[in-house]
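Undergrad: Would you mind keeping the following structure in view while I ask a few things?
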Protein chains: 2
Amino acid sequence: MLFQQTWQLKTIASIRSCYKEKFGIPRQANLVSEAKAQLHFLPDYQQTGIVRALEDFSHLWLSFIFHETAEKGWHPTVRPPRLGGNQRVGVFASRSTFRPNPLGLSVVRLERVETQGAASILHLSGCDLLDGTPIVDIKPYLAYADAISNAQSAYAQEKPAYRVVRFSEQAQTECLLHEQRLTAMGESVNLSLLIEQILQQDPKPAYHKPPSKTVAKEATISPRRYAMRLFDLDIVWYDQATYLWVATLVLRQD
Amino acid sequence: MLFQQTWQLKTIASIRSCYKEKFGIPRQANLVSEAKAQLHFLPDYQQTGIVRALEDFSHLWLSFIFHETAEKGWHPTVRPPRLGGNQRVGVFASRSTFRPNPLGLSVVRLERVETQGAASILHLSGCDLLDGTPIVDIKPYLAYADAISNAQSAYAQEKPAYRVVRFSEQAQTECLLHEQRLTAMGESVNLSLLIEQILQQDPKPAYHKPPSKTVAKEATISPRRYAMRLFDLDIVWYDQATYLWVATLVLRQD
């Protein structure tokens with residue numbers, strides 16, 4: 001057998017989203033419905049008709065490039081967070097970003113299609129893509145073929161359990177203020193709901209997860225501080241063992 | 001915004017399947033369960049551990065290249081067979097093979113993983129891939145995230161209706177004989193079931209579908225002959241308006 005060994009893919013579109021860094025992004029699409037995003041086509045694909053009838057589909061598959069990690073290589077085995085980060089499975093038995101080809105696959109909800117002359121903008125929700133992610137393909141979700149509800153999914157059979165999320169009074173106030181500011185800038189978001197939905201998934205690296213009994217006992221250990229970036233904000237939170245605690249929202253200076 | 005415009009993907013594996021040409025391949029994966037296939041890794045990916053724990057997943061996503069049509073270009077709109085081939089939708093509202101990037105996506109059932117030293121072979125069923133198809137990624141199917149059973153899928157909301165398939169006596173005999181021959185060659189297949197499952201999907205080009213009433217009336221019009229290749233056979237069949245009729249199986253000389 002002979003193979004053409006490499007294939008050239010072109011970026012056809014790019015994502016604008018609230019996720020400005022990898023940390024905090026849910027591990028699968030569709031878990032954080034409040035995560036809105038826009039898909040903007042590159043000039044070559046700003047053509048009338050290219051998305052005709054797309055608005056009749058509720059969900060889309062996006063094939064994209066893990067552009068931030070594409071150069072970092074890969075290993076034959078990885079430690080998926082669902083296994084606590086200390087058990088190895090083959091790279092192809094995972095959806096790790098570090099893979100032989102840096103291809104990602106996400107199912108997202110299509111909210112609406114906006115037309116600006118020959119250019120279209122797709123408004124999406126439940127999106128788990130970093131701001132600036134290059135899109136290489138868009139396909140409609142076909143429930144009759146794609147929805148295999150009885151599939152066996154090994155270590156990822158069930159949805160991850162939700163963590164309880166609590167906000168400090170300061171964080172509550174800041175959510176309202178920054179939501180108003182972001183709305184004035186054209187972003188439509190329920191900021192506290194977005195933060196809650198993200199933290200429910202517990203985005204901490206799996207190897208940071210302490211045996212919760214130990215932590216509860218040793219009250220002298222101060223909880224670890226985490227910061228994740230959403231829009232132009234650093235969201236600062238702590239793992240308090242029985243819940244995650246959102247302390248403050250800090251406007252970034254860069 | 002700046003974009004890296006192109007991305008290099010490497011072929012990681014290749015498919016061996018009964019489908020030796022595009023005609024006859026079902027329009028989505030998982031419709032023809034009898035279609036078995038094997039996935040063989042290229043030498044760079046014959047590494048111990050690369051598919052560890054994969055056998056605990058019942059279904060996989062394969063990202064592949066439409067290698068036979070990759071050079072043929074694309075149009076902003078296409079005519080999906082589900083709309084009778086005479087209504088146009090945007091290329092991104094379809095799963096047409098002719099797209100800006102020749103990327104395909106299929107969900108297949110993983111029957112078992114065979115290990116040969118450091119090399120693994122994945123045994124698949126419900127596969128809709130042409131023999132020799134280059135694979136660029138394999139991901140586990142995660143039902144909790146991927147199975148959106150209530151998704152709205154526009155013109156492809158329901159499974160396509162099944163056609164009735166009948167075999168001539170000659171074709172029935174030939175099925176048994178060729179099945180024995182193929183089995184002796186190491187192929188495990190129920191040949192008549194495979195042919196029936198494929199033809200139930202009515203693989204004819206949509207624009208060949210005649211208004212059935214007209215055909216039924218004009219009995220003088222002889223039905224159109226079709227031949228599709230499976231393994232080393234040409235399967236010859238006719239559309240008899242109310243059913244599809246398998247006439248004969250011809251061993252190819254090439």
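To be explicit about the labels: the chains of the structure tokens are called A, B, and onward in the order shown, and within each one the residues are counted from 1, while ligands get numbers from 1 in the order they are shown.
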Please determine the contact residues of chain B with respect to chain A at a cut-off of 6 Å, counting only C-alpha atoms, and supply them as a PyMOL selection string.
TA: chain B and resi 5-11+49-54+56-58+76-77+89-93+95+101+138-140+142-144+147-149+151-154+159
Undergrad: I need the residues in stretch 12-162 of chain A that are strand (DSSP E) according to DSSP; give them as a PyMOL selection string.
TA: chain A and resi 13-17+36-41+59-65+77-78+89-90+103-116+119-125+134-140
Undergrad: Would you pick out the contacts of A:Ser120 at 8 Å or less, using only C-alpha atoms, so that residues sharing its chain but fewer than 3 positions from it are not included, and give the list as an mmCIF file with C-alpha atoms, in the first residue's frame?
TA:
```
data_model
loop_
_atom_site.group_PDB
_atom_site.id
_atom_site.type_symbol
_atom_site.label_atom_id
_atom_site.label_comp_id
_atom_site.auth_asym_id
_atom_site.auth_seq_id
_atom_site.Cartn_x
_atom_site.Cartn_y
_atom_site.Cartn_z
ATOM 1 C CA HIS A 40 -16.075 34.344 11.549
ATOM 2 C CA PHE A 41 -15.210 33.131 8.066
ATOM 3 C CA GLN A 46 -17.194 34.991 2.664
ATOM 4 C CA VAL A 51 -24.054 28.388 4.878
ATOM 5 C CA VAL A 113 -26.676 32.877 11.511
ATOM 6 C CA GLU A 114 -25.885 36.554 10.989
ATOM 7 C CA THR A 115 -25.359 37.835 7.470
ATOM 8 C CA GLN A 116 -23.165 40.846 6.678
ATOM 9 C CA GLY A 117 -23.107 41.214 2.916
#
```
Undergrad: Provide the atom CA of A:Met228 to atom CA of A:Glu21 distance in Å, to one decimal place.
TA: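 Going from atom CA of A:Met228 over to atom CA of A:Glu21 covers 7.6 Å.
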Undergrad: Looking only at the backbone, which of the residues in stretch 60-201 of chain A does DSSP tag as alpha helix (DSSP H), as an MDAnalysis selection string?
TA: chainID A and resid 143:146 169:184 191:200
Undergrad: How many Å separate atom CA of A:Lys22 from atom CA of A:Thr173?
TA: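 Between atom CA of A:Lys22 and atom CA of A:Thr173 the gap works out to 26.0 Å.
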Undergrad: What's around B:Thr242 at 8 Å? Count only C-alpha atoms, leave out sequence neighbours fewer than 2 positions away in its own chain, and write the answer as a ChimeraX atom specification.
TA: /B:164,212,239-240,244
Undergrad: Env of B:Lys204: 12 Å cut, atoms = only C-alpha atoms, seq-sep filter 6 positions within chain, self excluded. Answer as a list in words.
TA: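 Close residues of B:Lys204: Lys22, Phe23, Gly24, Ile25, Pro26, Arg27, Pro81, Arg82, Gly84, Gly85, Arg163, Ile198, Pro210, Arg224, Arg225, Tyr226, Ala227, Met228, Trp237, Tyr238, Asp239 and Leu244 of chain B.
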Undergrad: Write out as a ChimeraX atom specification which residues come within 9 Å of stretch 175-188 of chain B when counting only C-alpha atoms, dropping same-chain ones fewer than 5 positions away.
TA: /B:36,170,231,233,248-249,251
Undergrad: Quick one: everything within 8 Å of B:Leu124, counting only C-alpha atoms, minus sequence neighbours fewer than 2 positions away in the same chain. Send it as a list of chain:residue names.
TA: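 Here the qualifying residues turn out to be B:Lys36, B:Ala37, B:Gln38, B:Leu39, B:Val108, B:Arg109, B:Leu110, B:Glu111, B:Arg112, B:Leu122, B:Gly126, B:Cys127.
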Undergrad: Using the selection just defined, write its residues with C-alpha atoms as an mmCIF file, in the first residue's frame.
TA:
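Below is the file out02.cif, written as the result:
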```cif
data_model
loop_
_atom_site.group_PDB
_atom_site.id
_atom_site.type_symbol
_atom_site.label_atom_id
_atom_site.label_comp_id
_atom_site.auth_asym_id
_atom_site.auth_seq_id
_atom_site.Cartn_x
_atom_site.Cartn_y
_atom_site.Cartn_z
ATOM 1 C CA LYS B 36 -16.550 -4.650 8.432
ATOM 2 C CA ALA B 37 -13.251 -2.869 8.102
ATOM 3 C CA GLN B 38 -9.788 -2.859 9.578
ATOM 4 C CA LEU B 39 -7.679 0.087 10.586
ATOM 5 C CA VAL B 108 -17.838 3.419 13.730
ATOM 6 C CA ARG B 109 -18.246 0.493 16.081
ATOM 7 C CA LEU B 110 -15.035 -0.919 17.528
ATOM 8 C CA GLU B 111 -15.374 -4.696 17.497
ATOM 9 C CA ARG B 112 -11.939 -5.564 18.884
ATOM 10 C CA LEU B 122 -8.603 -2.067 14.945
ATOM 11 C CA GLY B 126 -20.623 -0.033 10.436
ATOM 12 C CA CYS B 127 -17.798 1.539 8.480
#
```
